[in-house]
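Only one structure is covered here, and it is reproduced in the block below.
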Amino acid sequence: MPYVRISLRRGKSQHYIEALLDSLQQSLESSFDVPPGDCFQIVHQLDAHELRFNRHYGAGPRSDDFVHIAITAGRPRDRAQHSRFYRCLVDALAISPGIRPEDVMVVINTTEPEGWSFGNGEIARFPTLFTPEP
Amino acid sequence: MPYVRISLRRGKSQHYIEALLDSLQQSLESSFDVPPGDCFQIVHQLDAHELRFNRHYGAGPRSDDFVHIAITAGRPRDRAQHSRFYRCLVDALAISPGIRPEDVMVVINTTEPEGWSFGNGEIARFPTLFTPEP
Amino acid sequence: MPYVRISLRRGKSQHYIEALLDSLQQSLESSFDVPPGDCFQIVHQLDAHELRFNRHYGAGPRSDDFVHIAITAGRPRDRAQHSRFYRCLVDALAISPGIRPEDVMVVINTTEPEGWSFGNGEIARFPTLFTPEP
């Protein structure tokens, strides 16, 4: 039930962006309890002066490859799960497309379940309804 | 007091986008208790690889006409009102500009009232102050 | 710990946008208890039909220079602090780059602290860890 808004500097190849989205989605599914196929991703490519970030605040040093990942989730997770997800994500992005962990910023916010409609004008049913049968 | 961020694939006409925004705003006002004229809409047009979505998760099947509607509201509504709004919205979009209900995804999140300033450096006054006199 | 998404009509100069971002960041640091250097800003430039807003609702009159500032903060602030920030912000923007207070809309939402990772796959440490030593 998350959707994700990814912001990065303009100029990366389509292949790079697709690899980024793949690694992100795999990390959500493997470590953030997101059902398989629950994939909704929006990418904003920005000119240098449209994406400003401090190179050292809180972590870093950040480079021009900085990527800002804003996730809107359908329910809260505990601190341990956040921690696992962040670690899994930077490991996956380091492999493909090859982003330094220092360049990966994540912000997660949470909504109420009734705030989601996947389509057809209906409130989203409980996510486990969509997981594969055991 | 909502503002809306609409994401869709690049290439639709200005007329199509304006019709989409019209139907969305009318639905908010008629079924989500939004005051007349409380209209703030941002449209992000994206290339195919910048807008990735599962064609079948939770609803669908989704087509290239998929539209992702993220609404930030100033206060919570109950489940019944969400349900009415989703239904009203897909009915309106099906008529104009002609979007299949399967292609309409909505995510609503809520803020605190003091998180809004409509202008002039002032905290937003209570919304009913702006509704028409009876 | 905030990040900010700024939406405005396409066509302003790079100098104008940089001045806008400078004034915004200075206002956050001086009046919204944001640590120095905690700066993450994303700018969306939009065509006229991609940024629709009511010219009079809640404040105004708004002009084509309208700017929509969406702030995601890491913790709640009280009503008085919101009030100080909104005032400080419109004063700063009126000076540089020269935006009328009527054209400045702000929406602030709040996340949980564990929803932030500044980098390296780690949950953000408590913000005061990054403030300058007294």
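Chain labels A, B, ... are given in the sequence in which chains occur in the structure tokens; within each chain residues are numbered consecutively from 1, and ligands are likewise numbered from 1 in the order shown.
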Got a sec to tell me which of stretch 7-133 of chain B DSSP assigns to strand (DSSP E), as a tab-separated table (two decimals) with N, CA and C atoms, in the first residue's frame?
chain	number	residue	atom	x	y	z
B	7	SER	N	-0.74	12.85	-10.88
B	7	SER	CA	0.34	12.33	-11.72
B	7	SER	C	-0.24	11.44	-12.81
B	8	LEU	N	0.19	11.73	-14.05
B	8	LEU	CA	-0.28	10.92	-15.18
B	8	LEU	C	0.78	10.92	-16.26
B	9	ARG	N	0.63	10.01	-17.22
B	9	ARG	CA	1.61	9.92	-18.28
B	9	ARG	C	1.53	11.16	-19.18
B	40	PHE	N	-6.91	23.91	-5.28
B	40	PHE	CA	-5.46	24.02	-5.45
B	40	PHE	C	-4.97	22.70	-6.01
B	41	GLN	N	-4.58	22.72	-7.28
B	41	GLN	CA	-4.28	21.47	-8.00
B	41	GLN	C	-2.95	21.57	-8.74
B	42	ILE	N	-2.15	20.55	-8.58
B	42	ILE	CA	-0.83	20.48	-9.20
B	42	ILE	C	-0.77	19.22	-10.06
B	43	VAL	N	-0.36	19.38	-11.31
B	43	VAL	CA	-0.32	18.25	-12.24
B	43	VAL	C	1.13	17.93	-12.62
B	44	HIS	N	1.50	16.68	-12.45
B	44	HIS	CA	2.82	16.21	-12.88
B	44	HIS	C	2.63	15.27	-14.07
B	45	GLN	N	3.13	15.69	-15.23
B	45	GLN	CA	3.12	14.82	-16.41
B	45	GLN	C	4.46	14.09	-16.49
B	46	LEU	N	4.40	12.80	-16.73
B	46	LEU	CA	5.61	11.98	-16.60
B	46	LEU	C	5.80	11.08	-17.81
B	51	LEU	N	6.72	6.91	-14.45
B	51	LEU	CA	5.46	6.59	-13.75
B	51	LEU	C	5.23	5.08	-13.88
B	52	ARG	N	5.66	4.36	-12.88
B	52	ARG	CA	5.55	2.90	-12.93
B	52	ARG	C	4.43	2.46	-11.99
B	53	PHE	N	3.60	1.57	-12.52
B	53	PHE	CA	2.50	1.08	-11.69
B	53	PHE	C	2.18	-0.35	-12.10
B	67	VAL	N	-4.22	7.35	-13.71
B	67	VAL	CA	-3.98	8.63	-13.05
B	67	VAL	C	-3.91	8.41	-11.54
B	68	HIS	N	-2.87	8.98	-10.94
B	68	HIS	CA	-2.62	8.86	-9.51
B	68	HIS	C	-2.94	10.20	-8.87
B	69	ILE	N	-3.90	10.20	-7.95
B	69	ILE	CA	-4.41	11.43	-7.35
B	69	ILE	C	-4.08	11.44	-5.86
B	70	ALA	N	-3.16	12.29	-5.46
B	70	ALA	CA	-2.75	12.38	-4.05
B	70	ALA	C	-3.35	13.64	-3.45
B	71	ILE	N	-4.19	13.45	-2.45
B	71	ILE	CA	-4.93	14.56	-1.84
B	71	ILE	C	-4.42	14.78	-0.42
B	72	THR	N	-4.08	16.02	-0.09
B	72	THR	CA	-3.73	16.37	1.28
B	72	THR	C	-4.87	17.20	1.84
B	73	ALA	N	-5.55	16.67	2.84
B	73	ALA	CA	-6.74	17.31	3.40
B	73	ALA	C	-6.42	17.93	4.76
B	104	VAL	N	-8.21	4.94	-12.00
B	104	VAL	CA	-8.21	6.05	-11.05
B	104	VAL	C	-7.78	5.56	-9.67
B	105	MET	N	-6.59	5.95	-9.25
B	105	MET	CA	-6.09	5.62	-7.91
B	105	MET	C	-6.05	6.90	-7.08
B	106	VAL	N	-6.47	6.78	-5.82
B	106	VAL	CA	-6.51	7.94	-4.93
B	106	VAL	C	-5.81	7.59	-3.62
B	107	VAL	N	-5.02	8.53	-3.13
B	107	VAL	CA	-4.43	8.40	-1.79
B	107	VAL	C	-4.64	9.72	-1.06
B	108	ILE	N	-5.24	9.64	0.12
B	108	ILE	CA	-5.58	10.85	0.88
B	108	ILE	C	-4.80	10.84	2.20
B	109	ASN	N	-4.11	11.92	2.49
B	109	ASN	CA	-3.51	12.06	3.82
B	109	ASN	C	-4.02	13.34	4.46
B	110	THR	N	-3.83	13.45	5.74
B	110	THR	CA	-4.47	14.51	6.52
B	110	THR	C	-3.42	15.26	7.33
B	116	TRP	N	-1.86	24.90	7.74
B	116	TRP	CA	-2.28	25.57	6.50
B	116	TRP	C	-2.21	27.09	6.63
B	117	SER	N	-1.56	27.70	5.65
B	117	SER	CA	-1.66	29.14	5.46
B	117	SER	C	-2.04	29.39	4.00
Task: Members of chain B assigned helix (DSSP H, G or I) by DSSP, as a ChimeraX atom specification - done: /B:14-31,48-50,79-95,101-103,113-115,127-130
TODO: Identify all chain B residues at most 9 Å from chain C by counting only C-alpha atoms; ligands do not count. Present them as a PyMOL selection string.
DONE: chain B and resi 3+14+17-18+21+36-45+72+110-112+114-125+127+129-130
Task: Å distance separating atom CA of C:Gln26 from atom CA of C:Ala92, one decimal place - done: 8.3 Å
Task: One-decimal distance in Å that lies between atom CA of C:Leu93 and atom CA of C:Pro35 - done: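 Going from atom CA of C:Pro35 over to atom CA of C:Leu93 covers 20.0 Å.
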TODO: Give me, please, the distance in Å between atom CA of C:Leu20 and atom CA of C:Pro2, quoted to one decimal.
DONE: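 Interatomic distance, atom CA of C:Leu20 to atom CA of C:Pro2: 16.4 Å.
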